[in-house]
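Structure data (compact mmCIF, C-alpha atoms) from start-v7.txt:
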```txt
# COMPACT_ATOMS: atom_id res chain seq x y z
CA MET A 707 0.00 0.00 0.00
CA LYS A 708 1.25 3.48 -0.85
CA LEU A 709 0.32 6.51 1.27
CA VAL A 710 -0.13 9.55 -1.00
CA ARG A 711 -1.54 12.08 1.48
CA LYS A 712 -2.56 12.11 5.13
CA ASN A 713 -4.47 15.01 6.62
CA ILE A 714 -5.86 14.32 10.11
CA GLU A 715 -6.85 17.15 12.47
CA LYS A 716 -6.36 17.32 16.25
CA ASP A 717 -9.94 16.11 16.81
CA ASN A 718 -9.01 12.96 14.77
CA ALA A 719 -11.26 13.93 11.83
CA GLY A 720 -9.68 14.03 8.39
CA GLN A 721 -8.80 12.07 5.30
CA VAL A 722 -6.08 9.90 3.77
CA THR A 723 -5.30 9.11 0.14
CA LEU A 724 -3.98 5.62 -0.54
CA VAL A 725 -3.01 3.47 -3.53
CA PRO A 726 -3.52 -0.31 -3.16
CA GLU A 727 -0.62 -2.03 -4.93
CA GLU A 728 -1.27 -5.75 -4.35
CA PRO A 729 -4.21 -8.09 -3.56
CA GLU A 730 -3.43 -8.10 0.17
CA ASP A 731 -3.93 -4.32 0.22
CA MET A 732 -7.62 -4.87 -0.62
CA TRP A 733 -7.96 -6.79 2.64
CA HIS A 734 -6.35 -3.88 4.51
CA THR A 735 -8.74 -1.46 2.77
CA TYR A 736 -11.74 -3.62 3.74
CA ASN A 737 -10.65 -3.20 7.37
CA LEU A 738 -10.27 0.58 6.96
CA VAL A 739 -13.60 1.46 5.29
CA GLN A 740 -16.61 1.66 7.61
CA VAL A 741 -20.29 2.54 7.12
CA GLY A 742 -20.73 6.32 7.34
CA ASP A 743 -17.28 7.10 5.93
CA SER A 744 -16.81 9.19 2.80
CA LEU A 745 -15.00 7.47 -0.10
CA ARG A 746 -13.77 9.27 -3.23
CA ALA A 747 -12.49 7.14 -6.13
CA SER A 748 -12.48 6.68 -9.88
CA THR A 749 -15.28 4.45 -11.19
CA ILE A 750 -17.24 3.45 -14.30
CA ARG A 751 -20.85 4.70 -14.65
CA LYS A 752 -23.38 3.72 -17.28
CA VAL A 753 -24.89 6.96 -18.63
CA GLN A 754 -27.96 7.34 -20.85
CA THR A 755 -27.70 9.86 -23.69
CA GLU A 756 -30.41 11.28 -25.95
CA SER A 757 -29.53 12.37 -29.48
CA SER A 758 -31.07 15.32 -31.35
CA THR A 759 -33.39 12.88 -33.14
CA GLY A 760 -34.74 11.62 -29.82
CA SER A 761 -33.10 8.20 -29.87
CA VAL A 762 -31.83 7.04 -26.48
CA GLY A 763 -28.51 5.26 -26.11
CA SER A 764 -26.15 4.42 -23.28
CA ASN A 765 -22.43 4.38 -22.88
CA ARG A 766 -19.96 3.78 -20.06
CA VAL A 767 -17.90 6.72 -18.79
CA ARG A 768 -15.11 6.92 -16.25
CA THR A 769 -15.73 9.52 -13.59
CA THR A 770 -14.72 10.30 -10.00
CA LEU A 771 -17.44 10.02 -7.35
CA THR A 772 -17.61 10.72 -3.62
CA LEU A 773 -19.90 8.31 -1.78
CA CYS A 774 -21.28 8.15 1.73
CA VAL A 775 -20.59 4.47 2.47
CA GLU A 776 -23.64 2.30 3.21
CA ALA A 777 -22.41 -1.25 2.45
CA ILE A 778 -19.04 -2.96 1.94
CA ASP A 779 -18.57 -6.29 0.18
CA PHE A 780 -15.24 -8.13 0.09
CA ASP A 781 -14.58 -11.22 -2.04
CA SER A 782 -11.72 -12.99 -0.23
CA GLN A 783 -11.04 -15.40 -3.10
CA ALA A 784 -10.69 -12.77 -5.83
CA CYS A 785 -9.48 -10.04 -3.39
CA GLN A 786 -12.09 -7.64 -4.81
CA LEU A 787 -13.69 -4.87 -2.78
CA ARG A 788 -17.02 -3.20 -3.66
CA VAL A 789 -18.34 -0.20 -1.76
CA LYS A 790 -21.97 0.87 -2.14
CA GLY A 791 -23.30 4.28 -1.13
CA THR A 792 -25.01 7.51 -2.15
CA ASN A 793 -23.33 10.29 -4.10
CA ILE A 794 -22.64 13.32 -1.87
CA GLN A 795 -20.80 15.58 -4.32
CA GLU A 796 -22.04 17.26 -7.50
CA ASN A 797 -21.17 15.31 -10.66
CA GLU A 798 -22.12 15.81 -14.30
CA TYR A 799 -23.14 12.16 -14.70
CA VAL A 800 -24.59 11.23 -11.30
CA LYS A 801 -27.25 13.11 -9.31
CA MET A 802 -26.82 13.97 -5.64
CA GLY A 803 -28.22 11.15 -3.50
CA ALA A 804 -28.10 8.59 -6.33
CA TYR A 805 -26.81 5.12 -5.45
CA HIS A 806 -23.61 3.78 -6.94
CA THR A 807 -21.18 0.92 -6.27
CA ILE A 808 -17.46 1.57 -6.59
CA GLU A 809 -15.16 -1.39 -7.18
CA LEU A 810 -11.76 -0.36 -5.85
CA GLU A 811 -8.98 -1.25 -8.28
CA PRO A 812 -5.27 -1.97 -7.74
CA ASN A 813 -2.95 0.95 -8.56
CA ARG A 814 -5.83 3.48 -8.59
CA GLN A 815 -5.84 5.89 -5.69
CA PHE A 816 -8.81 6.53 -3.42
CA THR A 817 -9.46 9.05 -0.65
CA LEU A 818 -11.10 7.95 2.57
CA ALA A 819 -12.53 10.54 4.98
CA LYS A 820 -13.69 9.81 8.53
CA LYS A 821 -15.16 11.89 11.34
CA GLN A 822 -13.07 9.88 13.80
CA TRP A 823 -9.79 8.07 12.99
CA ASP A 824 -9.10 5.67 15.87
CA SER A 825 -5.72 4.21 16.85
CA VAL A 826 -6.42 0.71 15.45
CA VAL A 827 -7.24 2.05 11.96
CA LEU A 828 -4.21 4.39 11.95
CA GLU A 829 -1.93 1.53 13.01
CA ARG A 830 -3.29 -0.65 10.18
CA ILE A 831 -2.45 2.09 7.66
CA GLU A 832 1.05 2.35 9.10
CA GLN A 833 1.57 -1.40 8.84
CA ALA A 834 0.06 -1.67 5.35
CA CYS A 835 2.30 1.14 4.05
CA ASP A 836 5.52 0.01 5.74
CA PRO A 837 7.12 -2.96 3.89
CA ALA A 838 9.04 -3.92 7.04
CA TRP A 839 5.75 -4.88 8.74
CA SER A 840 4.77 -7.35 6.05
CA ALA A 841 8.32 -8.63 5.59
CA ASP A 842 8.34 -11.51 8.04
CA VAL A 843 11.17 -13.23 6.14
CA ALA A 844 14.71 -11.83 5.93
CA ALA A 845 17.64 -13.18 3.92
CA VAL A 846 21.41 -12.77 3.97
CA VAL A 847 22.85 -13.87 0.62
CA MET A 848 26.63 -13.99 0.79
CA GLN A 849 29.97 -15.14 -0.55
CA GLU A 850 33.45 -14.22 0.64
CA GLY A 851 33.65 -10.41 0.53
CA LEU A 852 30.05 -9.76 -0.68
CA ALA A 853 26.72 -9.91 1.16
CA HIS A 854 23.18 -8.63 0.60
CA VAL A 855 20.79 -8.23 3.55
CA CYS A 856 17.22 -8.37 2.23
CA LEU A 857 13.63 -8.24 3.49
CA VAL A 858 11.20 -10.51 1.63
CA THR A 859 7.54 -9.40 1.43
CA PRO A 860 4.75 -11.32 -0.33
CA SER A 861 5.24 -9.18 -3.43
CA MET A 862 8.84 -7.94 -3.49
CA THR A 863 12.38 -8.24 -2.15
CA LEU A 864 13.93 -5.15 -0.62
CA THR A 865 17.72 -4.85 -0.34
CA ARG A 866 18.37 -3.15 2.98
CA ALA A 867 22.20 -3.36 2.98
CA LYS A 868 25.04 -4.37 0.68
CA VAL A 869 28.35 -5.24 2.34
CA GLU A 870 31.55 -5.39 0.24
CA VAL A 871 35.02 -6.03 1.68
CA ASN A 872 38.14 -6.86 -0.30
CA ILE A 873 39.42 -10.25 0.94
CA PRO A 874 43.11 -10.93 0.06
CA ARG A 875 43.96 -14.43 -1.14
CA LYS A 876 45.56 -16.88 1.23
CA ARG A 877 49.34 -17.07 0.84
CA LYS A 878 51.55 -19.99 1.74
CA GLY A 879 52.50 -19.74 5.38
CA ASN A 880 50.65 -16.41 5.83
CA CYS A 881 46.88 -16.41 6.22
CA ALA A 882 46.72 -13.56 8.75
CA GLN A 883 45.69 -10.85 6.25
CA HIS A 884 42.98 -13.08 4.76
CA ASP A 885 41.61 -14.01 8.20
CA ARG A 886 41.56 -10.41 9.45
CA ALA A 887 39.72 -9.19 6.35
CA LEU A 888 37.22 -12.07 6.61
CA GLU A 889 36.56 -11.24 10.27
CA ARG A 890 36.04 -7.57 9.37
CA PHE A 891 33.59 -8.65 6.64
CA TYR A 892 31.64 -10.91 9.02
CA GLU A 893 31.45 -8.13 11.62
CA GLN A 894 29.97 -5.68 9.09
CA VAL A 895 27.35 -8.25 8.04
CA VAL A 896 26.38 -8.83 11.70
CA GLN A 897 25.98 -5.06 12.18
CA ALA A 898 23.79 -4.86 9.04
CA ILE A 899 21.58 -7.70 10.36
CA GLN A 900 21.11 -5.96 13.70
CA ARG A 901 20.41 -2.61 12.04
CA HIS A 902 17.92 -3.73 9.39
CA ILE A 903 16.15 -6.85 10.70
CA ASN A 904 13.30 -6.35 13.17
CA PHE A 905 13.17 -9.68 15.03
CA GLU A 906 9.76 -8.80 16.52
CA VAL A 907 8.35 -9.01 12.99
CA VAL A 908 10.73 -11.37 11.15
CA LYS A 909 9.99 -15.05 11.81
CA CYS A 910 12.82 -16.56 9.71
CA VAL A 911 16.26 -15.41 8.52
CA LEU A 912 17.74 -17.29 5.57
CA VAL A 913 21.55 -17.36 5.45
CA ALA A 914 22.50 -18.50 1.96
CA SER A 915 25.92 -18.96 0.34
CA PRO A 916 28.04 -21.28 -1.79
CA GLY A 917 30.49 -23.60 0.02
CA PHE A 918 30.98 -23.29 3.76
CA VAL A 919 30.72 -19.49 4.02
CA ARG A 920 27.29 -19.60 5.72
CA GLU A 921 28.45 -22.11 8.38
CA GLN A 922 31.60 -20.11 9.13
CA PHE A 923 29.63 -16.86 9.31
CA CYS A 924 26.94 -18.25 11.65
CA ASP A 925 29.63 -19.76 13.91
CA TYR A 926 31.37 -16.37 14.08
CA MET A 927 28.11 -14.44 14.68
CA PHE A 928 26.92 -16.59 17.60
CA GLN A 929 30.39 -16.85 19.16
CA GLN A 930 30.54 -13.05 19.19
CA ALA A 931 26.96 -12.89 20.52
CA VAL A 932 27.97 -15.10 23.48
CA LYS A 933 31.10 -12.99 24.15
CA THR A 934 29.19 -9.68 24.05
CA ASP A 935 26.03 -11.11 25.67
CA ASN A 936 23.94 -10.04 22.66
CA LYS A 937 20.51 -11.23 23.85
CA VAL A 938 18.66 -10.26 20.64
CA LEU A 939 20.77 -12.61 18.48
CA LEU A 940 20.91 -15.39 21.07
CA GLU A 941 17.14 -15.36 21.73
CA ASN A 942 16.42 -15.49 17.97
CA ARG A 943 19.03 -18.12 17.08
CA SER A 944 16.34 -20.64 16.10
CA LYS A 945 15.08 -18.25 13.39
CA PHE A 946 18.31 -18.59 11.35
CA LEU A 947 18.13 -21.18 8.56
CA GLN A 948 21.27 -22.06 6.57
CA VAL A 949 20.73 -22.90 2.89
CA HIS A 950 22.80 -23.24 -0.28
CA ALA A 951 23.03 -20.47 -2.90
CA SER A 952 25.17 -20.30 -6.04
CA SER A 953 26.56 -16.82 -5.20
CA GLY A 954 26.28 -13.81 -2.91
CA HIS A 955 24.40 -11.75 -5.50
CA LYS A 956 20.75 -10.81 -4.94
CA TYR A 957 19.47 -12.89 -7.88
CA SER A 958 20.55 -16.06 -6.03
CA LEU A 959 17.70 -15.45 -3.58
CA LYS A 960 15.20 -16.66 -6.17
CA GLU A 961 16.68 -20.17 -6.26
CA VAL A 962 16.81 -20.18 -2.44
CA LEU A 963 13.10 -19.37 -2.10
CA CYS A 964 12.20 -22.04 -4.67
CA ASP A 965 13.96 -24.74 -2.63
CA PRO A 966 11.18 -27.12 -1.36
CA THR A 967 12.71 -27.42 2.14
CA VAL A 968 12.86 -23.63 2.45
CA ALA A 969 9.31 -23.24 1.11
CA SER A 970 7.92 -25.65 3.72
CA ARG A 971 9.77 -23.83 6.52
CA LEU A 972 8.51 -20.45 5.35
CA SER A 973 4.88 -21.43 4.78
CA ASP A 974 2.59 -19.25 6.86
CA THR A 975 5.38 -17.39 8.66
CA LYS A 976 3.13 -14.33 8.78
CA ALA A 977 0.63 -16.07 11.01
CA ALA A 978 3.13 -18.11 13.05
CA GLY A 979 3.16 -15.56 15.90
CA GLU A 980 -0.63 -15.54 16.12
CA VAL A 981 -0.79 -19.36 16.05
CA LYS A 982 1.71 -19.54 18.92
CA ALA A 983 -0.20 -16.93 20.95
CA LEU A 984 -3.45 -18.87 20.52
CA ASP A 985 -1.69 -22.12 21.43
CA ASP A 986 -0.29 -20.44 24.58
CA PHE A 987 -3.83 -19.32 25.47
CA TYR A 988 -5.26 -22.84 25.13
CA LYS A 989 -2.44 -24.27 27.26
CA MET A 990 -3.06 -21.62 29.91
CA LEU A 991 -6.80 -22.33 29.80
CA GLN A 992 -6.09 -26.00 30.43
CA HIS A 993 -3.45 -25.69 33.18
CA GLU A 994 -4.15 -22.30 34.80
CA PRO A 995 -7.74 -21.28 33.92
CA ASP A 996 -7.53 -18.27 36.27
CA ARG A 997 -4.95 -16.75 33.87
CA ALA A 998 -6.89 -17.28 30.61
CA PHE A 999 -10.04 -15.24 29.97
CA TYR A 1000 -12.29 -14.84 26.93
CA GLY A 1001 -15.42 -12.83 26.23
CA LEU A 1002 -15.52 -9.02 26.21
CA LYS A 1003 -16.86 -8.48 29.77
CA GLN A 1004 -14.38 -10.87 31.37
CA VAL A 1005 -11.45 -9.44 29.43
CA GLU A 1006 -12.47 -5.84 30.26
CA ARG A 1007 -12.58 -6.71 33.97
CA ALA A 1008 -9.14 -8.32 33.75
CA ASN A 1009 -7.89 -5.15 32.08
CA GLU A 1010 -9.32 -3.03 34.92
CA ALA A 1011 -7.19 -5.15 37.26
CA LEU A 1012 -4.13 -4.38 35.02
CA ALA A 1013 -3.73 -8.14 34.63
CA ILE A 1014 -3.53 -8.54 30.84
CA ASP A 1015 -0.16 -9.66 29.49
CA THR A 1016 -1.32 -10.57 25.95
CA LEU A 1017 -4.60 -9.52 24.33
CA LEU A 1018 -5.83 -11.66 21.42
CA ILE A 1019 -8.47 -9.91 19.30
CA SER A 1020 -10.00 -10.55 15.87
CA ASP A 1021 -9.94 -7.77 13.25
CA GLU A 1022 -13.57 -8.70 12.53
CA LEU A 1023 -14.63 -6.90 15.74
CA PHE A 1024 -13.33 -3.56 14.41
CA ARG A 1025 -15.74 -3.86 11.46
CA HIS A 1026 -18.77 -3.82 13.79
CA GLN A 1027 -21.57 -1.61 12.42
CA ASP A 1028 -22.34 -0.09 15.83
CA VAL A 1029 -19.90 2.79 16.47
CA ALA A 1030 -20.17 2.50 20.27
CA THR A 1031 -19.32 -1.22 20.21
CA ARG A 1032 -16.39 -0.66 17.85
CA SER A 1033 -15.09 2.16 20.07
CA ARG A 1034 -15.28 -0.19 23.06
CA TYR A 1035 -12.87 -2.62 21.37
CA VAL A 1036 -10.54 0.24 20.37
CA ARG A 1037 -10.47 1.54 23.97
CA LEU A 1038 -9.61 -1.96 25.19
CA VAL A 1039 -6.68 -2.23 22.76
CA ASP A 1040 -5.37 1.25 23.69
CA SER A 1041 -5.66 0.51 27.40
CA VAL A 1042 -3.77 -2.80 27.19
CA LYS A 1043 -0.95 -1.08 25.26
CA ASP A 1044 -0.83 1.77 27.80
CA ASN A 1045 -0.42 -0.82 30.56
CA ALA A 1046 2.59 -2.42 28.80
CA GLY A 1047 0.60 -5.39 27.49
CA THR A 1048 1.03 -7.03 24.07
CA VAL A 1049 -1.81 -6.82 21.54
CA ARG A 1050 -2.14 -9.38 18.74
CA ILE A 1051 -4.77 -8.57 16.11
CA PHE A 1052 -5.77 -11.77 14.30
CA SER A 1053 -6.89 -11.88 10.67
CA SER A 1054 -10.35 -13.44 10.45
CA LEU A 1055 -9.28 -14.86 7.06
CA HIS A 1056 -6.70 -17.09 8.73
CA VAL A 1057 -7.43 -20.37 10.51
CA SER A 1058 -6.11 -18.96 13.83
CA GLY A 1059 -8.51 -16.01 13.46
CA GLU A 1060 -11.40 -18.40 12.83
CA GLN A 1061 -10.53 -20.31 16.02
CA LEU A 1062 -10.40 -17.07 18.00
CA GLY A 1063 -13.79 -16.16 16.50
CA GLN A 1064 -15.23 -19.27 18.16
CA LEU A 1065 -14.04 -17.80 21.50
CA THR A 1066 -16.09 -14.59 20.90
CA GLY A 1067 -13.15 -12.99 19.02
CA VAL A 1068 -11.46 -11.59 22.14
CA ALA A 1069 -9.31 -13.40 24.72
CA ALA A 1070 -6.47 -12.61 27.09
CA ILE A 1071 -3.50 -14.30 28.76
CA LEU A 1072 -3.08 -12.76 32.22
CA ARG A 1073 0.09 -11.81 34.11
CA PHE A 1074 -1.26 -13.26 37.34
CA PRO A 1075 -4.29 -15.34 38.38
CA VAL A 1076 -7.50 -13.38 38.91
CA PRO A 1077 -9.92 -15.95 40.39
CA GLU A 1078 -12.26 -13.34 41.87
CA LEU A 1079 -13.46 -12.32 38.40
CA SER A 1080 -15.23 -15.61 37.82
CA ASP A 1081 -16.63 -15.40 41.36
CA GLN A 1082 -18.05 -11.94 40.59
CA GLU A 1083 -19.71 -13.32 37.48
CA ASP A 1084 -21.30 -16.11 39.55
CA ASP A 1085 -22.49 -13.64 42.21
CA SER A 1086 -24.04 -11.25 39.69
CA SER A 1087 -25.79 -14.08 37.83
CA SER A 1088 -27.25 -15.50 41.10
CA GLU A 1089 -28.50 -12.00 42.08
CA GLU A 1090 -30.26 -11.71 38.71
CA ASP A 1091 -31.95 -15.09 39.33
```
Give the structure from the file, written as structure tokens.
Amino acid sequence: MKLVRKNIEKDNAGQVTLVPEEPEDMWHTYNLVQVGDSLRASTIRKVQTESSTGSVGSNRVRTTLTLCVEAIDFDSQACQLRVKGTNIQENEYVKMGAYHTIELEPNRQFTLAKKQWDSVVLERIEQACDPAWSADVAAVVMQEGLAHVCLVTPSMTLTRAKVEVNIPRKRKGNCAQHDRALERFYEQVVQAIQRHINFEVVKCVLVASPGFVREQFCDYMFQQAVKTDNKVLLENRSKFLQVHASSGHKYSLKEVLCDPTVASRLSDTKAAGEVKALDDFYKMLQHEPDRAFYGLKQVERANEALAIDTLLISDELFRHQDVATRSRYVRLVDSVKDNAGTVRIFSSLHVSGEQLGQLTGVAAILRFPVPELSDQEDDSSSEED
């Protein structure tokens, strides 16, 4: 997704202009557009014309309309988004108040205006427009003296750093120069990895090279991490996957990603964090039920007790038609973040999101047991009886 313009006032009213660039961006847009918003985009309209002789004909014209959104339809298979509403701006082809359906198209910009931009919607725009958020795979393609550090998104590969160091050849009885240059090269690659790879987002780092370069580099990197007590590298050691590549040039990455063993390891990396969080919740529910809550009322009460460590919430809840209900979910998310909790927003299109949907769409793993919450529920229900 490309952000063209963003104009949001202090009262959180305003508009943004975006360009969807890939099918996944349509899903993001579906989660941004809500009933009551104003959407301006290019569209095709069938217009009737009457000639001087009185004969009536029709032709299709491209025009730009501004609609007050009344209905949103998303086809998840074709990644197509249709928005229906009434025209709210004068147009030579369409009367004020007339109904029209705009089908948003890839690489055609649209402007979305809201009376209230909440934090969840703004964060989704930020994530959709920042390639680093969707790049949950990183790759280091290297050979002696040359390395490329890349981020791999579903649609493109971004080179974040290129490291080049001249490595002298080994000479008989004197390898010191070669070894020093190689160590300097490895150190620069390690620095590039730490600078450009966000391990909170990236689920797998491919280290690819011909020969034994990748093994030697990984040995050096983790030896240095132990010496310097580099917790980031040590905690994410399991994310590094060593694979063969024909060279250290960027084009070698294509053959690496086509490798069946790599493909199976990388499948669904984007949702791996959500799957683990849901698995952690089920384990907690089984072994320590006082630290696993689901249902909006229960989770809100746990939040009031500042007990939420991880909030699991489905993006489907933010598409609720009732503004007050939607705001309630947004306030919950903001509050958990303010209290140093982690928030994981699940895609309802993914199997983990479907499972969470069966648990009302909102659940929480607590920092400490809160048994009195369930007691309060029992007390209030018995009073009602």
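Distances here use only C-alpha atoms; by that measure, the residue among A:Phe923, A:Gln883, A:Met848, A:Ser1054 closest to A:Tyr957 is A:Met848.
Taking atom CA of A:Glu1006 and atom CA of A:Leu828 as the two end points, the separation is 22.5 Å.
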Close residues, stretch 748-755 of chain A itself excluded, 7 Å, only C-alpha atoms, min 2 positions apart in chain, as a PyMOL selection string: chain A and resi 757+762-771+799+808
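Distances here use only C-alpha atoms; by that measure, the residue among A:Ala1069, A:Ala1030, A:Val907, A:Leu939 closest to A:Ala983 is A:Ala1069.
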Test item: residues at most 12 Å from A:Phe1052, all atoms listed in the file, excluding those fewer than 2 positions along its chain, as a VMD selection string: chain A and resid 976 to 984 1017 to 1024 1049 to 1050 1054 to 1063 1067 to 1069
For the residues in that selection, give me C-alpha atoms as an mmCIF file, in the coordinates of the input.
```
data_model
loop_
_atom_site.group_PDB
_atom_site.id
_atom_site.type_symbol
_atom_site.label_atom_id
_atom_site.label_comp_id
_atom_site.auth_asym_id
_atom_site.auth_seq_id
_atom_site.Cartn_x
_atom_site.Cartn_y
_atom_site.Cartn_z
ATOM 1 C CA LYS A 976 3.130 -14.330 8.780
ATOM 2 C CA ALA A 977 0.630 -16.070 11.010
ATOM 3 C CA ALA A 978 3.130 -18.110 13.050
ATOM 4 C CA GLY A 979 3.160 -15.560 15.900
ATOM 5 C CA GLU A 980 -0.630 -15.540 16.120
ATOM 6 C CA VAL A 981 -0.790 -19.360 16.050
ATOM 7 C CA LYS A 982 1.710 -19.540 18.920
ATOM 8 C CA ALA A 983 -0.200 -16.930 20.950
ATOM 9 C CA LEU A 984 -3.450 -18.870 20.520
ATOM 10 C CA LEU A 1017 -4.600 -9.520 24.330
ATOM 11 C CA LEU A 1018 -5.830 -11.660 21.420
ATOM 12 C CA ILE A 1019 -8.470 -9.910 19.300
ATOM 13 C CA SER A 1020 -10.000 -10.550 15.870
ATOM 14 C CA ASP A 1021 -9.940 -7.770 13.250
ATOM 15 C CA GLU A 1022 -13.570 -8.700 12.530
ATOM 16 C CA LEU A 1023 -14.630 -6.900 15.740
ATOM 17 C CA PHE A 1024 -13.330 -3.560 14.410
ATOM 18 C CA VAL A 1049 -1.810 -6.820 21.540
ATOM 19 C CA ARG A 1050 -2.140 -9.380 18.740
ATOM 20 C CA SER A 1054 -10.350 -13.440 10.450
ATOM 21 C CA LEU A 1055 -9.280 -14.860 7.060
ATOM 22 C CA HIS A 1056 -6.700 -17.090 8.730
ATOM 23 C CA VAL A 1057 -7.430 -20.370 10.510
ATOM 24 C CA SER A 1058 -6.110 -18.960 13.830
ATOM 25 C CA GLY A 1059 -8.510 -16.010 13.460
ATOM 26 C CA GLU A 1060 -11.400 -18.400 12.830
ATOM 27 C CA GLN A 1061 -10.530 -20.310 16.020
ATOM 28 C CA LEU A 1062 -10.400 -17.070 18.000
ATOM 29 C CA GLY A 1063 -13.790 -16.160 16.500
ATOM 30 C CA GLY A 1067 -13.150 -12.990 19.020
ATOM 31 C CA VAL A 1068 -11.460 -11.590 22.140
ATOM 32 C CA ALA A 1069 -9.310 -13.400 24.720
#
```
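Picture a line from atom CA of A:Pro874 to atom CA of A:Leu852; it runs 13.1 Å.
Proximity to A:Gly954 at 9 Å, evaluated using all atoms listed in the file and with sequence-adjacent residues fewer than 2 positions away removed, yields Val846, Val847, Met848, Gln849, Glu850, Gly851, Leu852, Ala853, His854, Ala914, Ser915, Pro916, Ala951, Ser952, Lys956, Tyr957, Ser958 and Leu959 of chain A.
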Export, as a CSV table (one decimal), in the frame of the given file, the selected residues with C-alpha atoms.
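What landed in again_7.csv:
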```
chain,number,residue,atom,x,y,z
A,846,VAL,CA,21.4,-12.8,4.0
A,847,VAL,CA,22.8,-13.9,0.6
A,848,MET,CA,26.6,-14.0,0.8
A,849,GLN,CA,30.0,-15.1,-0.6
A,850,GLU,CA,33.4,-14.2,0.6
A,851,GLY,CA,33.6,-10.4,0.5
A,852,LEU,CA,30.0,-9.8,-0.7
A,853,ALA,CA,26.7,-9.9,1.2
A,854,HIS,CA,23.2,-8.6,0.6
A,914,ALA,CA,22.5,-18.5,2.0
A,915,SER,CA,25.9,-19.0,0.3
A,916,PRO,CA,28.0,-21.3,-1.8
A,951,ALA,CA,23.0,-20.5,-2.9
A,952,SER,CA,25.2,-20.3,-6.0
A,956,LYS,CA,20.8,-10.8,-4.9
A,957,TYR,CA,19.5,-12.9,-7.9
A,958,SER,CA,20.6,-16.1,-6.0
A,959,LEU,CA,17.7,-15.4,-3.6
```
Residues near A:Met732, cut-off 9 Å, only C-alpha atoms, skip fewer than 3 positions along chain, as JSON, numbers by chain: {"A": [726, 727, 728, 729, 735, 736, 737, 780, 785, 786, 787, 810, 811, 812]}
